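Source file: coords.csv (CSV, C-alpha atoms and all ligand atoms)
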```csv
chain,number,residue,atom,x,y,z
I,29,MET,CA,16.4,62.7,69.8
I,30,PRO,CA,15.2,66.3,69.1
I,31,ASN,CA,14.5,68.8,71.8
I,32,LEU,CA,12.0,71.7,71.8
I,33,ALA,CA,14.9,74.0,73.0
I,34,LEU,CA,12.5,76.1,75.1
I,35,ASP,CA,13.9,79.4,76.4
I,36,GLY,CA,12.7,82.5,78.3
I,37,GLU,CA,10.8,83.6,75.2
I,38,SER,CA,8.9,80.4,74.6
I,39,TRP,CA,5.2,79.9,75.1
I,40,LEU,CA,4.1,76.3,75.1
I,41,LEU,CA,0.6,74.9,74.4
I,42,VAL,CA,0.4,71.2,74.8
I,43,LEU,CA,-2.5,69.0,73.6
I,44,THR,CA,-2.7,65.5,74.9
I,45,GLY,CA,-4.9,62.5,74.0
I,46,ALA,CA,-5.4,58.9,75.1
I,47,GLY,CA,-2.0,57.8,73.8
I,48,VAL,CA,-0.3,59.7,76.7
I,49,SER,CA,-2.2,57.5,79.2
I,50,ALA,CA,-1.7,54.3,77.3
I,51,GLU,CA,1.5,53.5,79.2
I,52,SER,CA,-0.3,54.0,82.5
I,53,GLY,CA,-2.5,51.0,81.4
I,54,LEU,CA,-5.6,52.8,80.1
I,55,PRO,CA,-6.9,51.8,76.7
I,56,THR,CA,-7.1,54.4,73.8
I,57,PHE,CA,-10.2,54.8,71.7
I,58,ARG,CA,-9.3,53.9,68.1
I,59,ASP,CA,-6.5,51.4,68.3
I,60,ALA,CA,-7.0,47.6,68.0
I,61,ASN,CA,-8.4,46.7,71.4
I,62,GLY,CA,-9.3,50.4,71.9
I,63,LEU,CA,-12.6,51.4,73.7
I,64,TRP,CA,-14.4,51.8,70.4
I,65,GLU,CA,-13.6,48.2,69.4
I,66,ARG,CA,-15.6,47.0,72.5
I,67,HIS,CA,-18.3,49.7,72.7
I,68,ARG,CA,-20.3,51.4,70.0
I,69,VAL,CA,-19.8,55.2,70.3
I,70,GLU,CA,-23.5,55.8,69.8
I,71,ASP,CA,-24.4,53.5,72.7
I,72,VAL,CA,-22.1,55.1,75.4
I,73,ALA,CA,-20.8,58.6,74.3
I,74,THR,CA,-23.8,60.6,73.0
I,75,PRO,CA,-26.6,62.5,74.8
I,76,GLU,CA,-29.1,60.2,72.9
I,77,ALA,CA,-27.4,57.1,74.4
I,78,PHE,CA,-27.8,58.5,77.9
I,79,GLU,CA,-31.5,59.3,77.3
I,80,ARG,CA,-32.1,55.7,75.9
I,81,ASP,CA,-30.1,53.7,78.4
I,82,PRO,CA,-28.5,55.7,81.3
I,83,ALA,CA,-27.6,52.5,83.2
I,84,LEU,CA,-25.4,51.3,80.3
I,85,VAL,CA,-23.7,54.7,80.0
I,86,TRP,CA,-23.1,54.8,83.8
I,87,ARG,CA,-21.7,51.3,83.7
I,88,PHE,CA,-19.2,52.4,81.0
I,89,TYR,CA,-18.1,55.5,82.9
I,90,SER,CA,-18.1,53.7,86.3
I,91,GLN,CA,-15.7,51.0,84.8
I,92,ARG,CA,-13.5,53.8,83.5
I,93,ARG,CA,-13.5,55.6,86.8
I,94,ALA,CA,-12.4,52.4,88.5
I,95,ALA,CA,-9.7,51.8,85.9
I,96,ALA,CA,-8.3,55.4,86.1
I,97,GLU,CA,-8.2,55.3,89.9
I,98,GLY,CA,-6.2,52.0,89.7
I,99,CYS,CA,-3.4,53.4,87.6
I,100,ARG,CA,-0.6,55.9,88.0
I,101,PRO,CA,0.8,58.8,85.9
I,102,ASN,CA,3.7,57.8,83.7
I,103,ALA,CA,7.0,59.5,82.6
I,104,GLY,CA,5.1,61.4,79.9
I,105,HIS,CA,2.6,63.0,82.3
I,106,LEU,CA,5.5,63.8,84.7
I,107,ALA,CA,7.6,65.5,81.9
I,108,ILE,CA,4.6,67.7,81.0
I,109,ALA,CA,4.2,68.7,84.7
I,110,GLU,CA,7.9,69.4,85.0
I,111,VAL,CA,8.0,71.7,81.9
I,112,GLU,CA,5.1,73.7,83.4
I,113,ARG,CA,7.1,74.3,86.5
I,114,ARG,CA,9.8,75.9,84.3
I,115,LEU,CA,7.5,78.0,82.1
I,116,GLY,CA,4.8,79.0,84.6
I,117,ASP,CA,2.2,81.2,82.9
I,118,ARG,CA,3.9,80.7,79.5
I,119,PHE,CA,2.5,77.2,79.6
I,120,LEU,CA,-1.0,75.7,79.1
I,121,LEU,CA,-2.0,72.1,78.9
I,122,VAL,CA,-5.2,71.1,77.0
I,123,THR,CA,-6.1,67.5,77.5
I,124,GLN,CA,-8.8,65.5,75.8
I,125,ASN,CA,-8.3,62.9,78.5
I,126,VAL,CA,-10.8,62.6,81.3
I,127,ASP,CA,-8.7,60.4,83.5
I,128,GLY,CA,-7.3,63.0,85.9
I,129,LEU,CA,-3.7,61.7,85.5
I,130,HIS,CA,-2.2,65.0,84.5
I,131,ALA,CA,-3.4,66.7,87.7
I,132,ARG,CA,-2.1,63.7,89.7
I,133,ALA,CA,1.3,64.1,88.0
I,134,GLY,CA,1.4,67.8,89.2
I,135,SER,CA,0.0,69.7,86.2
I,136,ARG,CA,-1.9,72.8,87.4
I,137,ARG,CA,-2.6,74.9,84.3
I,138,VAL,CA,-4.9,72.3,82.7
I,139,VAL,CA,-8.0,72.6,80.4
I,140,GLU,CA,-10.0,69.3,80.5
I,141,LEU,CA,-11.5,69.8,77.1
I,142,HIS,CA,-13.7,66.8,77.1
I,143,GLY,CA,-14.6,67.0,80.8
I,144,SER,CA,-13.7,64.7,83.7
I,145,LEU,CA,-14.4,61.2,84.8
I,146,PHE,CA,-14.5,62.4,88.4
I,147,THR,CA,-17.1,65.1,88.1
I,148,SER,CA,-20.9,64.8,87.6
I,149,ARG,CA,-23.7,67.2,86.9
I,150,CYS,CA,-27.4,67.4,86.6
I,151,SER,CA,-28.7,66.6,83.1
I,152,ARG,CA,-31.4,69.3,83.3
I,153,CYS,CA,-30.8,72.2,85.8
I,154,ASP,CA,-27.8,74.5,86.0
I,155,ARG,CA,-26.6,73.4,89.5
I,156,ASP,CA,-22.8,73.4,89.5
I,157,PRO,CA,-20.9,70.2,88.5
I,158,PHE,CA,-19.6,68.4,91.6
I,159,PRO,CA,-16.8,66.0,92.4
I,160,ASP,CA,-18.0,62.4,92.2
I,161,ASP,CA,-16.0,59.2,92.3
I,162,ARG,CA,-18.9,56.8,93.0
I,163,LEU,CA,-19.6,53.7,90.8
I,164,TYR,CA,-23.2,53.4,89.6
I,165,GLU,CA,-24.7,50.1,88.3
I,166,ARG,CA,-28.4,50.0,88.7
I,167,ASP,CA,-29.3,52.7,91.3
I,168,LEU,CA,-28.7,55.8,89.3
I,169,PRO,CA,-28.2,59.2,90.9
I,170,GLU,CA,-30.8,62.0,90.8
I,171,CYS,CA,-30.4,65.7,91.2
I,172,ASP,CA,-31.4,67.0,94.8
I,173,ALA,CA,-32.8,70.2,93.3
I,174,CYS,CA,-34.9,69.0,90.3
I,175,HIS,CA,-34.8,65.2,90.5
I,176,ALA,CA,-33.6,64.8,86.9
I,177,ARG,CA,-30.8,62.3,86.2
I,178,ILE,CA,-27.2,63.1,87.2
I,179,ARG,CA,-24.9,62.5,84.3
I,180,PRO,CA,-21.1,62.3,83.9
I,181,HIS,CA,-19.5,65.7,83.3
I,182,ILE,CA,-18.2,64.6,79.9
I,183,VAL,CA,-18.4,66.2,76.4
I,184,TRP,CA,-20.1,63.6,74.3
I,185,PHE,CA,-20.3,63.6,70.5
I,186,GLY,CA,-22.6,66.3,69.2
I,187,GLU,CA,-22.2,68.4,72.4
I,188,PRO,CA,-20.4,71.8,72.4
I,189,LEU,CA,-17.1,72.3,74.3
I,190,PHE,CA,-17.3,74.4,77.5
I,191,PRO,CA,-17.2,78.1,76.5
I,192,ALA,CA,-14.8,79.0,79.3
I,193,ASP,CA,-12.3,76.4,78.0
I,194,ILE,CA,-12.3,77.9,74.5
I,195,HIS,CA,-11.9,81.3,76.0
I,196,ARG,CA,-8.9,80.2,78.0
I,197,ILE,CA,-7.2,78.7,75.0
I,198,ASP,CA,-7.9,81.7,72.8
I,199,SER,CA,-6.5,84.1,75.5
I,200,PHE,CA,-3.3,81.9,75.9
I,201,LEU,CA,-2.7,81.9,72.1
I,202,ARG,CA,-3.2,85.7,71.9
I,203,ALA,CA,-0.7,86.2,74.8
I,204,ALA,CA,1.8,83.8,73.2
I,205,ARG,CA,2.2,86.1,70.2
I,206,ALA,CA,4.3,88.3,72.5
I,207,GLY,CA,7.0,85.6,72.5
I,208,ARG,CA,7.8,82.4,70.6
I,209,PRO,CA,4.8,80.2,70.5
I,210,VAL,CA,5.3,76.4,70.3
I,211,PHE,CA,2.5,73.8,70.0
I,212,LEU,CA,3.0,70.2,70.9
I,213,ALA,CA,0.3,67.4,70.4
I,214,ALA,CA,1.0,64.0,72.0
I,215,GLY,CA,-0.8,60.7,71.9
I,216,THR,CA,-3.8,61.8,69.8
I,217,SER,CA,-5.1,60.5,66.5
I,218,GLY,CA,-6.3,63.9,65.3
I,219,ASN,CA,-9.7,62.5,64.5
I,220,VAL,CA,-11.9,64.5,66.8
I,221,TYR,CA,-12.8,68.1,66.3
I,222,PRO,CA,-12.6,70.9,67.6
I,223,ALA,CA,-9.4,69.5,69.3
I,224,ALA,CA,-7.9,68.3,66.0
I,225,GLY,CA,-8.2,71.8,64.7
I,226,LEU,CA,-6.1,73.4,67.5
I,227,VAL,CA,-2.9,72.8,65.5
I,228,HIS,CA,-4.3,75.1,62.8
I,229,GLN,CA,-5.2,77.8,65.3
I,230,ALA,CA,-1.7,77.6,66.8
I,231,ARG,CA,-0.1,77.8,63.3
I,232,ALA,CA,-2.2,80.9,62.7
I,233,THR,CA,-0.5,82.6,65.7
I,234,GLY,CA,2.9,81.7,64.2
I,235,ALA,CA,3.6,78.6,66.4
I,236,GLU,CA,6.1,76.0,65.6
I,237,THR,CA,4.2,72.7,65.7
I,238,TRP,CA,5.3,69.3,67.0
I,239,LEU,CA,3.5,65.9,67.1
I,240,VAL,CA,4.6,62.9,69.2
I,241,ASN,CA,2.5,59.9,68.4
I,242,ALA,CA,2.9,56.1,68.0
I,243,GLU,CA,1.6,56.4,64.4
I,244,PRO,CA,0.9,59.1,61.8
I,245,ALA,CA,-2.2,61.2,62.8
I,246,GLU,CA,-5.2,62.1,60.7
I,247,ASN,CA,-4.2,65.8,60.8
I,248,GLY,CA,-0.4,65.0,60.6
I,249,ALA,CA,0.2,67.2,57.5
I,250,ALA,CA,-0.3,70.3,59.7
I,251,PHE,CA,2.7,69.7,61.9
I,252,ASP,CA,6.3,71.0,61.2
I,253,HIS,CA,7.8,68.1,63.1
I,254,PHE,CA,6.7,64.5,63.8
I,255,VAL,CA,8.5,62.3,66.4
I,256,GLN,CA,7.1,58.8,66.0
I,257,GLY,CA,7.1,56.6,69.1
I,258,ARG,CA,5.8,56.3,72.7
I,259,GLY,CA,5.2,59.3,74.8
I,260,ALA,CA,6.7,58.0,78.1
I,261,GLY,CA,10.0,57.5,76.3
I,262,ILE,CA,10.0,60.6,74.1
I,263,LEU,CA,8.4,63.4,76.1
I,264,PRO,CA,11.0,63.6,78.9
I,265,ARG,CA,13.8,64.1,76.4
I,266,LEU,CA,11.8,66.4,74.0
I,267,LEU,CA,10.7,68.6,76.9
I,268,GLY,CA,13.8,68.4,79.0
I,269,PRO,CA,16.1,71.4,79.6
I,301,LIG,C1,0.4,56.6,71.5
I,301,LIG,C2,0.7,55.6,72.5
I,301,LIG,C3,1.8,55.9,73.2
I,301,LIG,C4,-1.0,54.9,71.5
I,301,LIG,N1,2.5,57.1,73.0
I,301,LIG,N2,1.1,57.7,71.3
I,301,LIG,C5,-15.3,68.9,62.0
I,301,LIG,C6,-15.1,67.9,61.0
I,301,LIG,C7,-15.7,66.6,61.2
I,301,LIG,C8,-16.5,66.3,62.3
I,301,LIG,C9,-16.7,67.3,63.2
I,301,LIG,C10,-16.1,68.6,63.1
I,301,LIG,N3,-16.5,69.3,64.1
I,301,LIG,C11,-17.2,68.6,65.0
I,301,LIG,C12,-17.4,67.4,64.5
I,301,LIG,C13,-18.2,66.3,65.1
I,301,LIG,C14,-17.5,65.5,66.2
I,301,LIG,C15,-16.2,64.9,65.6
I,301,LIG,O1,-15.1,65.4,65.7
I,301,LIG,N4,-16.4,63.8,64.9
I,301,LIG,C16,-15.3,63.1,64.3
I,301,LIG,C17,-15.1,61.7,64.9
I,301,LIG,C18,-15.6,63.0,62.8
I,301,LIG,N5,-17.1,66.4,67.3
I,301,LIG,C19,-18.0,66.6,68.3
I,301,LIG,O2,-19.1,66.2,68.3
I,301,LIG,C20,-17.5,67.6,69.4
I,301,LIG,N6,-18.5,68.6,69.6
I,301,LIG,C21,-18.7,69.6,68.7
I,301,LIG,O3,-18.0,69.7,67.8
I,301,LIG,O4,-19.7,70.4,69.1
I,301,LIG,C22,-20.2,71.4,68.1
I,301,LIG,C23,-21.5,71.9,68.6
I,301,LIG,C24,-21.6,73.3,68.7
I,301,LIG,C25,-22.8,73.9,69.1
I,301,LIG,C26,-23.9,73.0,69.6
I,301,LIG,C27,-23.7,71.6,69.5
I,301,LIG,C28,-22.5,71.1,69.0
I,301,LIG,C29,-17.4,66.8,70.7
I,301,LIG,C30,-16.3,65.8,70.7
I,301,LIG,C31,-16.3,65.0,72.0
I,301,LIG,C32,-15.4,63.8,72.0
I,301,LIG,N7,-15.7,62.9,73.1
I,301,LIG,C33,-14.9,61.7,73.2
I,301,LIG,C34,-15.6,60.8,74.3
I,301,LIG,C35,-15.9,61.5,75.6
I,301,LIG,C36,-14.7,61.5,76.5
I,301,LIG,C37,-14.5,60.1,77.1
I,301,LIG,O5,-15.4,59.3,77.3
I,301,LIG,O6,-13.3,59.8,77.4
I,301,LIG,O7,-13.6,62.1,73.7
I,301,LIG,S1,-14.6,60.8,71.8
I,301,LIG,C38,-13.0,60.3,72.2
I,301,LIG,O8,-12.1,60.8,71.1
I,301,LIG,C39,-12.7,61.0,73.5
I,301,LIG,C40,-11.3,61.5,73.2
I,301,LIG,O9,-10.9,62.5,74.0
I,301,LIG,C41,-11.3,61.8,71.7
I,301,LIG,C42,-10.0,61.9,71.0
I,301,LIG,O10,-9.3,60.7,71.0
I,301,LIG,P1,-7.8,60.6,71.1
I,301,LIG,O11,-7.4,61.0,72.5
I,301,LIG,O12,-7.1,61.2,70.0
I,301,LIG,O13,-7.6,59.0,71.1
I,301,LIG,P2,-7.4,57.9,69.9
I,301,LIG,O14,-7.6,56.6,70.4
I,301,LIG,O15,-8.2,58.4,68.8
I,301,LIG,O16,-5.9,58.1,69.5
I,301,LIG,C43,-4.8,57.7,70.4
I,301,LIG,C44,-3.5,57.9,69.6
I,301,LIG,O17,-2.4,57.6,70.5
I,301,LIG,C45,-3.4,56.9,68.4
I,301,LIG,O18,-3.0,57.6,67.2
I,301,LIG,C46,-2.2,56.0,68.8
I,301,LIG,O19,-1.4,55.6,67.8
I,301,LIG,C47,-1.5,56.8,69.8
I,301,LIG,N8,-0.8,56.1,70.9
I,301,LIG,N9,-0.2,54.6,72.4
I,301,LIG,C48,2.1,57.9,72.0
I,301,LIG,N10,2.2,55.1,74.2
I,302,ZN,ZN,-31.1,69.3,88.5
```

What would the structure in this file look like if it were written as structure tokens?
Amino acid sequence: MPNLALDGESWLLVLTGAGVSAESGLPTFRDANGLWERHRVEDVATPEAFERDPALVWRFYSQRRAAAEGCRPNAGHLAIAEVERRLGDRFLLVTQNVDGLHARAGSRRVVELHGSLFTSRCSRCDRDPFPDDRLYERDLPECDACHARIRPHIVWFGEPLFPADIHRIDSFLRAARAGRPVFLAAGTSGNVYPAAGLVHQARATGAETWLVNAEPAENGAAFDHFVQGRGAGILPRLLGP
């Protein structure tokens, strides 16, 4: 089993996707039985879907809130939290997952690139996003300030990422040039951009690039190393001292 051999010079940027939470019991998106087998993306994960049928979108995200609350971080999440404790500020985790499992495993330097299941915001005014773990079926929430609909704080297709997140990733990669940058993607199919382009950005800073995934990824050709298999088994050994 390979090991990243991280040392006092290493700077590690980790990108995770749904495959990392699969062994906690949460479905991925694009596998057989994945979320996109059971729901049309255009019905539940676009701003147009929310305009058209907010109750359907809230049911989808309420079910996912309940599912995420009912499961626990696995050995992959824990290994990622552990390596952060060793590297400190030379570590950054970028997750496409909205399930909150990395934070529950102890990760602190986390960018939630596609938002969070447990945060909501107004769909119209710029009132701050707020923590929210309620389940909505028919009585949908409205903004206290402007009475527009409250929506999940999720980045849907066709929506831009949060500028502060992009800035944080760019700053980390710039700082990493001072040492030995390493990029690791885990449990992601490499289908969704801009996240799938992060490997190219990391390569441009001179990073060595690793992929851990159950199957070859769409953007797999961009990685120096591919370790095929399950995250919960591989990550503790790959990231271990
Ligand atoms: C295991 C495992 C185990 C299983 N161990 N492995 C450039 C080119 C082409 C298209 C575009 C482009 N740039 C932008 C686009 C459009 C679009 C896009 O990428 N479309 C593609 C699908 C073609 N991107 C966007 O719209 C993005 N926005 C944007 O670009 O804005 C630009 C803009 C600028 C200015 C103004 C306006 C716009 C936003 C993308 C948002 C994605 N949102 C979603 C849903 C919301 C979150 C949620 O509800 O959870 O995010 S889509 C969905 O896919 C979700 C995920 O985070 C994301 C990635 O999926 P992930 O994590 O990779 O999961 P899977 O299922 O695909 O893969 C899991 C993998 O794990 C599999 O390979 C398994 O084998 C593996 N696995 N078990 C290890 N145990
Ligand atoms: Zn409002």

For ligand ZN 302 (chain I), return the neighbouring residues as a ChimeraX atom specification (distance at most 7 Å; only C-alpha atoms and all ligand atoms). /I:150-155,171-176

If you take all atoms listed in the file and a cut-off of 6 Å, which residues of chain I touch ligand LIG 301 (chain I), and what are their nearest atom pairs and distances in Å to one decimal, in chain and number order, as JSON lines?
```
{"residue": "I:Gly45", "atom": "CA", "partner": "I:LIG301", "partner_atom": "O11", "distance": 3.3}
{"residue": "I:Ala46", "atom": "CA", "partner": "I:LIG301", "partner_atom": "O11", "distance": 3.9}
{"residue": "I:Gly47", "atom": "CA", "partner": "I:LIG301", "partner_atom": "O17", "distance": 3.3}
{"residue": "I:Val48", "atom": "CA", "partner": "I:LIG301", "partner_atom": "N1", "distance": 5.3}
{"residue": "I:Ala50", "atom": "CA", "partner": "I:LIG301", "partner_atom": "N10", "distance": 5.0}
{"residue": "I:Glu51", "atom": "CA", "partner": "I:LIG301", "partner_atom": "N10", "distance": 5.3}
{"residue": "I:Thr56", "atom": "CA", "partner": "I:LIG301", "partner_atom": "O14", "distance": 4.1}
{"residue": "I:Phe57", "atom": "CA", "partner": "I:LIG301", "partner_atom": "O14", "distance": 3.4}
{"residue": "I:Arg58", "atom": "CA", "partner": "I:LIG301", "partner_atom": "O14", "distance": 3.9}
{"residue": "I:Asp59", "atom": "CA", "partner": "I:LIG301", "partner_atom": "O14", "distance": 5.7}
{"residue": "I:Ala73", "atom": "CA", "partner": "I:LIG301", "partner_atom": "C34", "distance": 5.6}
{"residue": "I:Gln124", "atom": "CA", "partner": "I:LIG301", "partner_atom": "O9", "distance": 4.1}
{"residue": "I:Asn125", "atom": "CA", "partner": "I:LIG301", "partner_atom": "O9", "distance": 5.2}
{"residue": "I:Val126", "atom": "CA", "partner": "I:LIG301", "partner_atom": "O6", "distance": 5.4}
{"residue": "I:His142", "atom": "CA", "partner": "I:LIG301", "partner_atom": "C36", "distance": 5.4}
{"residue": "I:Ile182", "atom": "CA", "partner": "I:LIG301", "partner_atom": "C35", "distance": 5.8}
{"residue": "I:Val183", "atom": "CA", "partner": "I:LIG301", "partner_atom": "C31", "distance": 5.0}
{"residue": "I:Trp184", "atom": "CA", "partner": "I:LIG301", "partner_atom": "N7", "distance": 4.6}
{"residue": "I:Phe185", "atom": "CA", "partner": "I:LIG301", "partner_atom": "O2", "distance": 3.6}
{"residue": "I:Gly186", "atom": "CA", "partner": "I:LIG301", "partner_atom": "O2", "distance": 3.6}
{"residue": "I:Glu187", "atom": "CA", "partner": "I:LIG301", "partner_atom": "C28", "distance": 4.4}
{"residue": "I:Pro188", "atom": "CA", "partner": "I:LIG301", "partner_atom": "O4", "distance": 3.7}
{"residue": "I:Gly215", "atom": "CA", "partner": "I:LIG301", "partner_atom": "N2", "distance": 3.6}
{"residue": "I:Thr216", "atom": "CA", "partner": "I:LIG301", "partner_atom": "O12", "distance": 3.4}
{"residue": "I:Ser217", "atom": "CA", "partner": "I:LIG301", "partner_atom": "O18", "distance": 3.6}
{"residue": "I:Gly218", "atom": "CA", "partner": "I:LIG301", "partner_atom": "O12", "distance": 5.5}
{"residue": "I:Asn219", "atom": "CA", "partner": "I:LIG301", "partner_atom": "C17", "distance": 5.5}
{"residue": "I:Val220", "atom": "CA", "partner": "I:LIG301", "partner_atom": "O1", "distance": 3.5}
{"residue": "I:Tyr221", "atom": "CA", "partner": "I:LIG301", "partner_atom": "O1", "distance": 3.6}
{"residue": "I:Pro222", "atom": "CA", "partner": "I:LIG301", "partner_atom": "N3", "distance": 5.5}
{"residue": "I:Asn241", "atom": "CA", "partner": "I:LIG301", "partner_atom": "N2", "distance": 3.9}
{"residue": "I:Ala242", "atom": "CA", "partner": "I:LIG301", "partner_atom": "N2", "distance": 4.1}
{"residue": "I:Glu243", "atom": "CA", "partner": "I:LIG301", "partner_atom": "O19", "distance": 4.6}
{"residue": "I:Ala245", "atom": "CA", "partner": "I:LIG301", "partner_atom": "O18", "distance": 5.7}
{"residue": "I:Gly257", "atom": "CA", "partner": "I:LIG301", "partner_atom": "C48", "distance": 5.9}
{"residue": "I:Arg258", "atom": "CA", "partner": "I:LIG301", "partner_atom": "N1", "distance": 3.4}
{"residue": "I:Gly259", "atom": "CA", "partner": "I:LIG301", "partner_atom": "N1", "distance": 3.9}
```

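The environment of I:Ala235 within 7 Å, counting only C-alpha atoms and disregarding residues fewer than 6 places along the same chain, consists of Pro209, Val210 and Phe211 of chain I.
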
Could you build a table of the residues in stretch 229-265 of chain I lying no more than 12 Å from stretch 195-199 of chain I, giving for each the nearest pair of atoms and their separation in Å rounded to one decimal place, using all atoms listed in the file, ordered by chain and ascending residue number, as CSV?
```
residue,atom,partner,partner_atom,distance
I:Gln229,CA,I:Asp198,CA,8.9
I:Ala230,CA,I:Asp198,CA,9.6
I:Ala232,CA,I:Asp198,CA,11.6
I:Thr233,CA,I:Asp198,CA,10.3
```

Atom CA of I:Glu37 and atom CA of I:Gly116 are how many Å apart? 12.1 Å

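Comparing the minimum interatomic distances between I:Asn102 and each of I:Val85, I:Leu129, I:Leu212, I:Leu120, counting only C-alpha atoms, we find that I:Leu129 sits nearest.
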
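Around the point (-0.4, 70.0, 59.3), within 10 Å and counting only C-alpha atoms, we find these residues: Gly225, Val227, His228, Arg231, Thr237, Trp238, Leu239, Ala245, Glu246, Asn247, Gly248, Ala249, Ala250, Phe251, Asp252 and His253 of chain I.
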
Of the candidates I:Asp117, I:Glu97, I:Asp127, I:Glu140, which shows the shortest atom-to-atom distance to I:Asp193, using all atoms listed in the file?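 Closest residue, counting all atoms listed in the file: I:Glu140.
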
Spatial neighbours of I:Pro269, 8 Å, all atoms listed in the file, chain gap at least 2 places, as a ChimeraX atom specification: /I:33-34,267

Out of I:Arg113, I:His67, I:His105, I:Arg92, which residue has the shortest atom-to-atom distance to I:Ala260 when counting only C-alpha atoms?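 Among the listed residues, I:His105 lies closest to I:Ala260.
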
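You will find atom CA of I:Val111 at 25.4 Å from atom CA of I:Pro55.
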
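If you measure from each of I:Arg179, I:Ser38, I:Tyr89, I:Ala83 to I:Leu63 using all atoms listed in the file, the closest one turns out to be I:Tyr89.
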
I'd like the interatomic distance between atom CA of I:Gly62 and atom CA of I:Leu145, to a tenth of an Å. 17.6 Å

Counting only C-alpha atoms, what is within 9 Å of I:Gly53, bar same-chain residues fewer than 5 positions away, as a PyMOL selection string? chain I and resi 95-96+99-100

Would you output that residue set with C-alpha atoms, as a PDB file, keeping the file's coordinate frame?
```pdb
ATOM      1  CA  ALA I  95      -9.700  51.800  85.900  1.00  0.00           C
ATOM      2  CA  ALA I  96      -8.300  55.400  86.100  1.00  0.00           C
ATOM      3  CA  CYS I  99      -3.400  53.400  87.600  1.00  0.00           C
ATOM      4  CA  ARG I 100      -0.600  55.900  88.000  1.00  0.00           C
TER       5      ARG I 100
END
```

Non-local contacts of I:Gly36 (10 Å; all atoms listed in the file; under 4 positions in same chain excluded) as a tab-separated table (two decimals) with C-alpha atoms, in the coordinates of the input:
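The new file out.tsv reads:
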```
chain	number	residue	atom	x	y	z
I	114	ARG	CA	9.80	75.90	84.30
I	115	LEU	CA	7.50	78.00	82.10
I	118	ARG	CA	3.90	80.70	79.50
I	207	GLY	CA	7.00	85.60	72.50
I	208	ARG	CA	7.80	82.40	70.60
```

Distance criterion (only C-alpha atoms): nearest to I:Pro75 out of I:Arg87, I:Pro180, I:Ala204, I:Gly268: I:Pro180

Would you please work out which residue, of I:Leu84, I:Pro157, I:Pro264, I:Gly128, is nearest to I:Glu70 when using all atoms listed in the file?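 Result for the nearest residue to I:Glu70: I:Leu84.
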